[in-house]
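> There's a structure below that I have some questions on.
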Amino acid sequence: MVSRRTPKIVAHFILFLISLIMIVPLYWVFKTSLTGENLLLYPPSLIPKNPSIFYFVDVYYAIPFARFFFNSAVVSAVVVLFNIVFNSMAAFALRREFPGKKLIILIYLSCMMIPFHATIIPAFLLTKSFGLLNSHFGLAFPLLSTIICIFIFKGSFDAIPTSLIDAARIDGMRNWKMIYKIFLPLSKPAIATNVILPFIWSWNNFLWPLIIIQKQEMQTLPLGLSRFNSLYEQATGPLYAYCLMVVAPILLIFFLSQKNFISSLISGAVKG
Amino acid sequence: MVGTKRHRELFGTYLLLLPSFLIFFLYRIIPLGWNLLLSFQKWQFNRPNLWQGLKNYIAMFQDGVFWQSFYNTILYFLGGSLISIILAIGIALLVNRPIRGRNVYRSIIFMPYPLTAIAIAIIWRWLYNEKVGLINYILRMLGIVDQGVPFLQSFGWALPSVIFTSIWQIVGYFMIIILTGLQSIPDVLYEAGIVDGVSPSQKFAYITLPLIRSSIFICFVVGIINSFTMFDIIYTMTNGGPGNSTEILVTYIYKNAFTFSRMGYASAITLAMFIFLLLLTWLANKLSGGEAGAVHYYG
């Protein structure tokens with residue numbers, strides 16, 4: 001049993017070992033992307049020998065990397081933007097009392113129980129009938145508003161004093177202006193969550209692009225990575241360089257705002 | 001005048017809800033009903049679908065691969081989630097102590113969680129590689145094996161190997177969830193325990209564990225959903241193989257719908273998967289006493 005009596009050195013040893021298991025695969029990818037060597041070289045060296053960015057450049061030109069990056073970036077940007085707008089609108093509305101409020105909340109909560117994976121076939125047929133296959137908007141559409149993020153905004157909006165809103169209403173402020181001028185500026189952590197969660201969901205999304213994208217020039221980074229992997233499985237250097245470039249933006253956000261990042265993902269624990 | 005103003009405000013409220021509602025209606029509610037409809041049909045490309053009653057369901061119950069995927073899904077949940085949660089509790093207890101560098105440990109252990117699953121799957125494919133994989137290299141160096149183990153190509157090893165990768169990715173996430181539970185336990189309780197002279201294991205069993213129950217429940221639900229939806233890792237690492245030894249319901253649904261064009265049949269499996277998922281979540285809720293999120297230490 002782990003207790004306070006366990007010597008600190010033992011705790012450090014266990015944690016160090018676990019950290020090693022977490023770090024080594026990522027380090028290995030990093031090393032291999034710089035040297036291209038894999039374990040065919042005996043003994044494998046721990047420190048990259050003759051590191052170069054050759055493989056990053058190689059993969060950049062081997063596939064339309066810039067295009068894939070553009071696709072991923074556009075879709076993620078659209079998803080994040082619409083989430084902030086749509087979710088804050090919904091949360092603002094749910095702050096009021098109106099007929100049917102309970103029903104709406106019940107519907108939203110039930111929708112949270114439907115995982116996207118249980119809807120893929122009709123979602124594909126629907127998107128096809130909209131003529132949105134192979135399009136940026138088709139990729140973004142199902143993610144434009146997310147329930148958990150609405151409730152995150154709602155939690156933050158509910159804490160804003162009613163007197164402030166009454167004052168604004170007396171001044172004749174319109175709904176959208178109230179959201180934009182009062183609610184959003186007072187909900188910075190909720191906005192951070194509404195940026196981070198939808199961004200990660202969209203950036204890492206694989207199943208949806210796999211289903212609705214057939215044209216190569218419309219592929220997102222993870223889809224392109226999967227195709228690249230099946231075509232050039234032996235090309236370790238470029239493959240690993242590609243892997244790193246796909247996860248780089250996420251690592252960047254992670255290291256820039258660790259606190260926001262982790263708390264956002266925790267609040268997404270019940271995402272559907 | 002007052003009436004019209006109130007009506008205008010009501011209209012405004014509904015208008016504010018419209019965009020998000022439309023998205024959930026289009027991509028959650030409609031698909032659920034449509035999926036039910038499709039499950040009774042034979043889907044045909046560019047032709048109207050044929051009604052065929054319960055034929056898809058009968059075929060499903062007679063399909064060995066369906067049962068294999070069903071069984072594997074449970075194994076992913078039991079193997080992956082249970083081990084991850086137990087590990088996560090242990091790690092969380094360690095990093096909750098006032099030891100130097102605990103924030104660094106937390107960050108490192110959490111780091112794999114948000115990374116793109118496809119990239120992680122590709123990385124682990126290489127680690128597991130029979131000839132040039134790091135894991136086999138270490139095993140040979142330590143003299144545990146003479147020949148490389150073809151982890152992802154062997155019937156016995158493929159499933160545990162994929163499960164291990166998913167544990168590697170999610171354990172840090174569970175650790176943070178449990179850590180938030182641990183941090184909400186007031187020190188007074190432990191001090192009272194010390195006064196009463198409880199042993200460390202009693203302290204864990206009677207103070208810590210009951211109070212992190214809701215955190216453990218959250219991990220369980222996340223684990224259930226995760227084991228039902230871990231499409232990316234399996235698709236990339238094994239694509240369900242060898243044979244169907246790593247196939248889960250969601251990969252089998254994908255294959256039927258988009259490789260074999262058996263949309264109707266895939267819809268029937270989707271519905272079965274959805275009902276099974278709801279049932280498990282409901283059961284987890286019941287087992288936790290239906291008090292997820294509620295911490296009551298005065299009761």
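All residue names refer to the structure tokens as shown: chains lettered A, B, ... in order, residues numbered from 1 in each chain, ligands numbered from 1 in order.
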Near chain A, meaning an atom within 6 Å, which residues of chain B appear when counting only C-alpha atoms? Write them as a list in words.
Thr13, Leu16, Leu17, Ser20, Tyr27, Pro31, Ile109, Leu115, Thr116, Ala119, Val132, Pro200 and Thr270 of chain B
> Could you write out that same residue set with N, CA and C atoms as a short mmCIF file (atom, residue, chain, number, x, y, z; two decimals), in the first residue's frame?

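Listing of selection34.cif after writing:
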```cif
data_model
loop_
_atom_site.label_atom_id
_atom_site.label_comp_id
_atom_site.auth_asym_id
_atom_site.auth_seq_id
_atom_site.Cartn_x
_atom_site.Cartn_y
_atom_site.Cartn_z
N THR B 13 -34.69 34.42 -27.58
CA THR B 13 -34.10 33.30 -26.84
C THR B 13 -34.03 32.04 -27.70
N LEU B 16 -31.39 32.26 -30.29
CA LEU B 16 -30.04 32.03 -29.76
C LEU B 16 -29.74 30.53 -29.65
N LEU B 17 -30.78 29.75 -29.37
CA LEU B 17 -30.57 28.32 -29.21
C LEU B 17 -30.54 27.58 -30.54
N SER B 20 -27.05 25.80 -32.27
CA SER B 20 -26.52 24.60 -31.62
C SER B 20 -27.55 23.47 -31.69
N TYR B 27 -26.92 15.98 -36.38
CA TYR B 27 -25.84 15.00 -36.25
C TYR B 27 -25.94 14.09 -35.04
N PRO B 31 -29.52 11.03 -36.97
CA PRO B 31 -28.78 9.78 -37.21
C PRO B 31 -29.28 8.61 -36.38
N ILE B 109 3.60 12.27 -17.34
CA ILE B 109 2.69 11.13 -17.40
C ILE B 109 1.40 11.49 -18.14
N LEU B 115 -2.26 13.60 -27.49
CA LEU B 115 -1.60 13.48 -28.79
C LEU B 115 -2.45 12.68 -29.78
N THR B 116 -2.29 13.01 -31.06
CA THR B 116 -3.05 12.38 -32.12
C THR B 116 -2.88 10.86 -32.10
N ALA B 119 -0.70 9.08 -34.79
CA ALA B 119 0.74 9.19 -34.58
C ALA B 119 1.19 8.20 -33.51
N VAL B 132 13.13 -4.72 -35.78
CA VAL B 132 13.81 -3.47 -35.44
C VAL B 132 13.15 -2.70 -34.31
N PRO B 200 -2.02 2.68 7.69
CA PRO B 200 -2.06 3.24 6.33
C PRO B 200 -3.08 2.55 5.43
N THR B 270 -24.39 -1.17 -35.18
CA THR B 270 -24.27 0.12 -34.49
C THR B 270 -25.30 0.23 -33.38
#
```
> Find the spatial neighbours of B:Phe228, counting only C-alpha atoms, within a cut-off of 8 Å - ignore same-chain residues fewer than 3 positions away - and output them as number ranges by chain.
B: 73, 77, 224-225, 248-250, 277
> Please dump the current selection as an mmCIF file, in the first residue's frame; keep N, CA and C atoms.

```cif
data_model
loop_
_atom_site.group_PDB
_atom_site.id
_atom_site.type_symbol
_atom_site.label_atom_id
_atom_site.label_comp_id
_atom_site.auth_asym_id
_atom_site.auth_seq_id
_atom_site.Cartn_x
_atom_site.Cartn_y
_atom_site.Cartn_z
ATOM 1 N N THR B 73 -14.438 -6.044 -27.441
ATOM 2 C CA THR B 73 -14.773 -4.732 -26.886
ATOM 3 C C THR B 73 -14.818 -4.808 -25.368
ATOM 4 N N PHE B 77 -12.317 -3.031 -22.578
ATOM 5 C CA PHE B 77 -12.811 -2.274 -21.435
ATOM 6 C C PHE B 77 -12.265 -2.841 -20.128
ATOM 7 N N ILE B 224 -15.212 3.257 -20.440
ATOM 8 C CA ILE B 224 -16.222 2.551 -21.241
ATOM 9 C C ILE B 224 -16.317 3.176 -22.621
ATOM 10 N N ILE B 225 -16.502 4.515 -22.645
ATOM 11 C CA ILE B 225 -16.636 5.198 -23.932
ATOM 12 C C ILE B 225 -15.376 4.995 -24.759
ATOM 13 N N ILE B 248 -12.802 -4.728 -32.855
ATOM 14 C CA ILE B 248 -13.846 -4.346 -31.904
ATOM 15 C C ILE B 248 -15.073 -3.914 -32.698
ATOM 16 N N LEU B 249 -16.169 -3.647 -31.998
ATOM 17 C CA LEU B 249 -17.423 -3.360 -32.695
ATOM 18 C C LEU B 249 -17.284 -2.189 -33.668
ATOM 19 N N VAL B 250 -16.616 -1.112 -33.222
ATOM 20 C CA VAL B 250 -16.596 0.070 -34.076
ATOM 21 C C VAL B 250 -15.763 -0.155 -35.335
ATOM 22 N N LEU B 277 -23.581 0.061 -24.912
ATOM 23 C CA LEU B 277 -22.852 1.171 -24.286
ATOM 24 C C LEU B 277 -23.712 1.857 -23.226
#
```
> Between stretch 72-131 of chain B and stretch 155-163 of chain B, at 12 Å or less, what are the per-residue closest atom pairs and their distances in Å? Count only C-alpha atoms, order by chain and rising residue number, and return it as a Markdown table.

```
| residue | atom | partner | partner_atom | distance |
| --- | --- | --- | --- | --- |
| B:Asn72 | CA | B:Leu159 | CA | 8.3 |
| B:Thr73 | CA | B:Leu159 | CA | 10.6 |
| B:Ile74 | CA | B:Ile163 | CA | 11.6 |
| B:Leu75 | CA | B:Leu159 | CA | 8.8 |
| B:Tyr76 | CA | B:Ile163 | CA | 6.3 |
| B:Phe77 | CA | B:Ile163 | CA | 9.1 |
| B:Leu78 | CA | B:Ile163 | CA | 10.0 |
| B:Gly79 | CA | B:Ile163 | CA | 7.1 |
| B:Gly80 | CA | B:Ile163 | CA | 5.5 |
| B:Ser81 | CA | B:Ile163 | CA | 9.2 |
| B:Leu82 | CA | B:Ile163 | CA | 11.1 |
| B:Ile83 | CA | B:Ile163 | CA | 9.8 |
| B:Ser84 | CA | B:Ile163 | CA | 10.0 |
| B:Ile120 | CA | B:Val162 | CA | 11.1 |
| B:Ala121 | CA | B:Val162 | CA | 8.8 |
| B:Ile122 | CA | B:Val162 | CA | 11.7 |
| B:Trp124 | CA | B:Val162 | CA | 8.8 |
| B:Arg125 | CA | B:Val162 | CA | 9.4 |
| B:Leu127 | CA | B:Ser161 | CA | 10.5 |
| B:Tyr128 | CA | B:Ser161 | CA | 8.1 |
| B:Asn129 | CA | B:Ser161 | CA | 11.3 |
| B:Glu130 | CA | B:Trp157 | CA | 11.9 |
```
> Report as a PDB file with N, CA and C atoms, in the first residue's frame all protein, DNA and RNA residues lying within 9 Å of A:Lys31, evaluated on only C-alpha atoms, omitting residues in the same chain fewer than 4 positions from it.

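Saved the output as part-v7.pdb:
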```pdb
ATOM      1  N   LEU A  26       8.415   8.703 -27.180  1.00  0.00           N
ATOM      2  CA  LEU A  26       8.379  10.019 -27.823  1.00  0.00           C
ATOM      3  C   LEU A  26       9.794  10.482 -28.168  1.00  0.00           C
ATOM      4  N   TYR A  27      10.747  10.214 -27.257  1.00  0.00           N
ATOM      5  CA  TYR A  27      12.126  10.586 -27.529  1.00  0.00           C
ATOM      6  C   TYR A  27      12.654   9.821 -28.746  1.00  0.00           C
ATOM      7  N   THR A  35      17.651  11.461 -37.448  1.00  0.00           N
ATOM      8  CA  THR A  35      18.760  10.674 -37.996  1.00  0.00           C
ATOM      9  C   THR A  35      18.307   9.659 -39.034  1.00  0.00           C
ATOM     10  N   GLY A  36      17.045   9.267 -38.977  1.00  0.00           N
ATOM     11  CA  GLY A  36      16.547   8.298 -39.933  1.00  0.00           C
ATOM     12  C   GLY A  36      16.946   6.871 -39.604  1.00  0.00           C
ATOM     13  N   GLU A  37      17.904   6.714 -38.681  1.00  0.00           N
ATOM     14  CA  GLU A  37      18.329   5.363 -38.334  1.00  0.00           C
ATOM     15  C   GLU A  37      17.273   4.707 -37.456  1.00  0.00           C
ATOM     16  N   LEU A  46      21.881   6.430 -28.159  1.00  0.00           N
ATOM     17  CA  LEU A  46      20.872   7.200 -27.423  1.00  0.00           C
ATOM     18  C   LEU A  46      20.797   8.641 -27.906  1.00  0.00           C
ATOM     19  N   ILE A  47      21.979   9.149 -28.263  1.00  0.00           N
ATOM     20  CA  ILE A  47      22.028  10.545 -28.704  1.00  0.00           C
ATOM     21  C   ILE A  47      22.040  10.546 -30.233  1.00  0.00           C
ATOM     22  N   PRO A  48      21.224  11.404 -30.860  1.00  0.00           N
ATOM     23  CA  PRO A  48      21.211  11.397 -32.331  1.00  0.00           C
ATOM     24  C   PRO A  48      22.574  11.751 -32.909  1.00  0.00           C
ATOM     25  N   LYS A  49      23.069  10.882 -33.823  1.00  0.00           N
ATOM     26  CA  LYS A  49      24.331  11.159 -34.501  1.00  0.00           C
ATOM     27  C   LYS A  49      24.030  11.914 -35.786  1.00  0.00           C
ATOM     28  N   PRO A  51      22.572  14.805 -36.479  1.00  0.00           N
ATOM     29  CA  PRO A  51      21.165  15.181 -36.652  1.00  0.00           C
ATOM     30  C   PRO A  51      21.001  16.194 -37.781  1.00  0.00           C
TER      31      PRO A  51
END
```
> Write out as a ChimeraX atom specification the residues lying within 12 Å of A:Ala66, counting only C-alpha atoms and excluding same-chain residues fewer than 3 positions away.
/A:57,59-63,69-74,217-221,224,242,245-246
> List every residue of stretch 141-174 of chain A that DSSP, applied to the backbone, labels as alpha helix (DSSP H), and write the result as a list in words.
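Filtering stretch 141-174 of chain A down to alpha helix (DSSP H) leaves Ile147, Ile148, Cys149, Ile150, Phe151, Ile152, Phe153, Lys154, Gly155, Ser156, Phe157, Asp158, Thr162, Ser163, Leu164, Ile165, Asp166, Ala167, Ala168, Arg169 and Ile170 of chain A.
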> Residues of stretch 200-280 of chain B within 6 Å of stretch 169-189 of chain B: nearest atom pair and distance (Å, one decimal) for each, counting only C-alpha atoms, sorted by chain and number, as a tab-separated table?

```
residue	atom	partner	partner_atom	distance
B:Ile212	CA	B:Gly181	CA	5.1
B:Ser215	CA	B:Ile178	CA	5.4
B:Cys219	CA	B:Phe174	CA	5.9
```
> Just checking: using only C-alpha atoms, which residue out of B:Val198, B:Leu94, B:Ala88, B:Ile253 ends up closest to B:Ser267?
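Of all the options, B:Ile253 lies closest to B:Ser267.
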